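Colleague: Here it is, the structure in full.
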Amino acid sequence: NVTTVFMLLFGVNFSCYYLLLLKQFRGVFRDEELRTYIGIVLGSILLIVLNTRSLYGTLEETIRHAAFQVASVVTTTGYATTDFDLWPSFSKTILLCLMVVGASAGSTGGGLKVGRLMLLVKGLRRNIRQMLNPRKVEVVRNNGSVVDEKILANTNAYLAAYVLIVFGVFAVISLDGFSTGTNFSAVLACFNNIGPGLEAVGP
């Protein structure tokens, strides 16, 4: 439990800790990335607990294993307390998604980063709204501030490069004859600095 807590703490943007040192508590609680990060973690734990409840003797044990693995994967720490490759497909899919998302920007974790994911979603939402109402001018905001269009463009370029590299490498290592699950999770685990993947590269 202690390890789980500290893994999650080091997945938080370190600027939040700086604000805490300055006693700007309101700024920390209003941070969109922090709230999104906590929401992703708690939501993932809840879904995995519901999906894996029958695999463990008690609810406490289920929550402990689910919380540890979510924390380990989302913060790219690489530890495992149970063989999550034996979990149902739904739970393993959640872990694969967490491998991609990763921790917060400005943290010790790897992955795409929660901050980039937020900008991508907000940019997509803005584009959809502009398609429905072309005359309406909209800006993307983060923590109340307008995000520069260059930052949005760089984030989109990063996503494009990320996808091209992941699927390009995935196609190349698929020549080795291993299963799709092994190859894809191995690419994600290596590229995002996760540690264990699934199947042959599982915990």
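Every chain in the structure tokens takes a letter, A first, then B, and so on in the order presented; its residues are numbered from 1, and the ligands are numbered from 1 following the presented order.
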Using DSSP assignments from the backbone, pull out every residue in stretch 26-128 of chain A that falls under alpha helix (DSSP H) and give it to me as number ranges by chain.
Modeller: A: 26-29, 32-52, 59-74, 89-101, 114-128
Colleague: Output C-alpha atoms of each residue in that selection to a file, as a CSV table (one decimal), in the first residue's frame.
Modeller:
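Resulting contents of result_12.csv:
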chain,number,residue,atom,x,y,z
A,26,ARG,CA,-6.1,26.4,-4.3
A,27,GLY,CA,-3.9,26.4,-7.4
A,28,VAL,CA,-3.1,22.7,-6.8
A,29,PHE,CA,-6.7,21.6,-6.4
A,32,GLU,CA,-6.8,20.2,-14.5
A,33,GLU,CA,-4.0,17.7,-15.2
A,34,LEU,CA,-3.9,16.6,-11.6
A,35,ARG,CA,-7.7,16.1,-11.5
A,36,THR,CA,-7.6,14.2,-14.8
A,37,TYR,CA,-4.7,12.1,-13.5
A,38,ILE,CA,-6.6,11.2,-10.3
A,39,GLY,CA,-9.7,10.5,-12.3
A,40,ILE,CA,-7.9,8.1,-14.7
A,41,VAL,CA,-6.3,6.3,-11.8
A,42,LEU,CA,-9.4,5.9,-9.7
A,43,GLY,CA,-11.6,5.0,-12.6
A,44,SER,CA,-9.1,2.3,-13.8
A,45,ILE,CA,-8.9,0.8,-10.3
A,46,LEU,CA,-12.7,0.7,-10.0
A,47,LEU,CA,-13.2,-1.0,-13.3
A,48,ILE,CA,-10.4,-3.5,-12.7
A,49,VAL,CA,-11.7,-4.3,-9.3
A,50,LEU,CA,-15.2,-5.0,-10.7
A,51,ASN,CA,-13.7,-7.1,-13.5
A,52,THR,CA,-11.3,-9.2,-11.3
A,59,LEU,CA,-12.3,-7.4,-1.8
A,60,GLU,CA,-9.3,-5.9,0.1
A,61,GLU,CA,-6.9,-8.2,-1.8
A,62,THR,CA,-8.6,-7.3,-5.1
A,63,ILE,CA,-8.4,-3.6,-4.5
A,64,ARG,CA,-4.7,-3.9,-3.4
A,65,HIS,CA,-3.6,-5.8,-6.5
A,66,ALA,CA,-5.7,-3.5,-8.8
A,67,ALA,CA,-4.4,-0.3,-7.2
A,68,PHE,CA,-0.8,-1.5,-7.3
A,69,GLN,CA,-0.8,-2.6,-10.9
A,70,VAL,CA,-2.6,0.6,-12.1
A,71,ALA,CA,-0.1,2.7,-10.1
A,72,SER,CA,2.9,0.7,-11.5
A,73,VAL,CA,1.7,0.9,-15.1
A,74,VAL,CA,0.5,4.5,-15.2
A,89,SER,CA,-9.2,-9.2,-21.4
A,90,PHE,CA,-11.1,-6.0,-20.2
A,91,SER,CA,-8.6,-5.4,-17.4
A,92,LYS,CA,-5.6,-6.1,-19.6
A,93,THR,CA,-7.0,-3.6,-22.1
A,94,ILE,CA,-7.2,-1.0,-19.4
A,95,LEU,CA,-3.6,-1.6,-18.5
A,96,LEU,CA,-2.6,-1.3,-22.2
A,97,CYS,CA,-4.4,2.1,-22.4
A,98,LEU,CA,-2.6,3.2,-19.2
A,99,MET,CA,0.8,2.2,-20.8
A,100,VAL,CA,0.0,4.7,-23.6
A,101,VAL,CA,-1.3,7.5,-21.4
A,114,VAL,CA,-1.8,13.2,-19.2
A,115,GLY,CA,-1.2,16.8,-20.1
A,116,ARG,CA,-0.7,16.0,-23.8
A,117,LEU,CA,-3.8,13.7,-23.8
A,118,MET,CA,-5.9,16.6,-22.4
A,119,LEU,CA,-4.7,19.0,-25.1
A,120,LEU,CA,-5.4,16.4,-27.8
A,121,VAL,CA,-9.0,15.9,-26.5
A,122,LYS,CA,-9.6,19.6,-26.1
A,123,GLY,CA,-8.2,20.3,-29.6
A,124,LEU,CA,-10.4,17.5,-31.1
A,125,ARG,CA,-13.5,18.9,-29.3
A,126,ARG,CA,-12.7,22.4,-30.6
A,127,ASN,CA,-12.4,21.1,-34.2
A,128,ILE,CA,-15.7,19.2,-34.0
Colleague: Set out as JSON lines a contact list for stretch 17-121 of chain A and stretch 7-13 of chain A with a cut-off of 7 Å, giving each residue of stretch 17-121 of chain A that qualifies its closest atom pair and distance in Å to one decimal, counting only C-alpha atoms, ordered by chain and rising residue number.
Modeller:
{"residue": "A:Leu34", "atom": "CA", "partner": "A:Val12", "partner_atom": "CA", "distance": 6.7}
{"residue": "A:Ala71", "atom": "CA", "partner": "A:Leu8", "partner_atom": "CA", "distance": 5.6}
{"residue": "A:Ser72", "atom": "CA", "partner": "A:Met7", "partner_atom": "CA", "distance": 6.7}
{"residue": "A:Thr75", "atom": "CA", "partner": "A:Gly11", "partner_atom": "CA", "distance": 5.2}
{"residue": "A:Ala103", "atom": "CA", "partner": "A:Gly11", "partner_atom": "CA", "distance": 4.9}
{"residue": "A:Ser104", "atom": "CA", "partner": "A:Asn13", "partner_atom": "CA", "distance": 5.3}
{"residue": "A:Ala105", "atom": "CA", "partner": "A:Asn13", "partner_atom": "CA", "distance": 5.6}
{"residue": "A:Gly106", "atom": "CA", "partner": "A:Asn13", "partner_atom": "CA", "distance": 4.7}
{"residue": "A:Ser107", "atom": "CA", "partner": "A:Asn13", "partner_atom": "CA", "distance": 4.8}
{"residue": "A:Thr108", "atom": "CA", "partner": "A:Phe10", "partner_atom": "CA", "distance": 6.2}
{"residue": "A:Gly109", "atom": "CA", "partner": "A:Gly11", "partner_atom": "CA", "distance": 5.6}
Colleague: Please compute the atom CA of A:Cys190-atom CA of A:Asp176 distance, one decimal, in Å.
Modeller: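 So the two atoms, atom CA of A:Cys190 and atom CA of A:Asp176, lie 16.3 Å apart.
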Colleague: With distances taken over only C-alpha atoms, which of A:Leu86, A:Leu198, A:Val163, A:Val140 is nearest to A:Leu55?
Modeller: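 Comparing A:Leu86, A:Leu198, A:Val163, A:Val140 against A:Leu55, the winner is A:Leu86.
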Colleague: May I ask for the distance between atom CA of A:Gly78 and atom CA of A:Phe6, given in Å to one decimal place?
Modeller: 13.6 Å
Colleague: Report, in Å with one decimal, the straight-line distance from atom CA of A:Pro203 to atom CA of A:Thr182.
Modeller: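 Atom-to-atom, atom CA of A:Pro203 to atom CA of A:Thr182, that is 11.9 Å.
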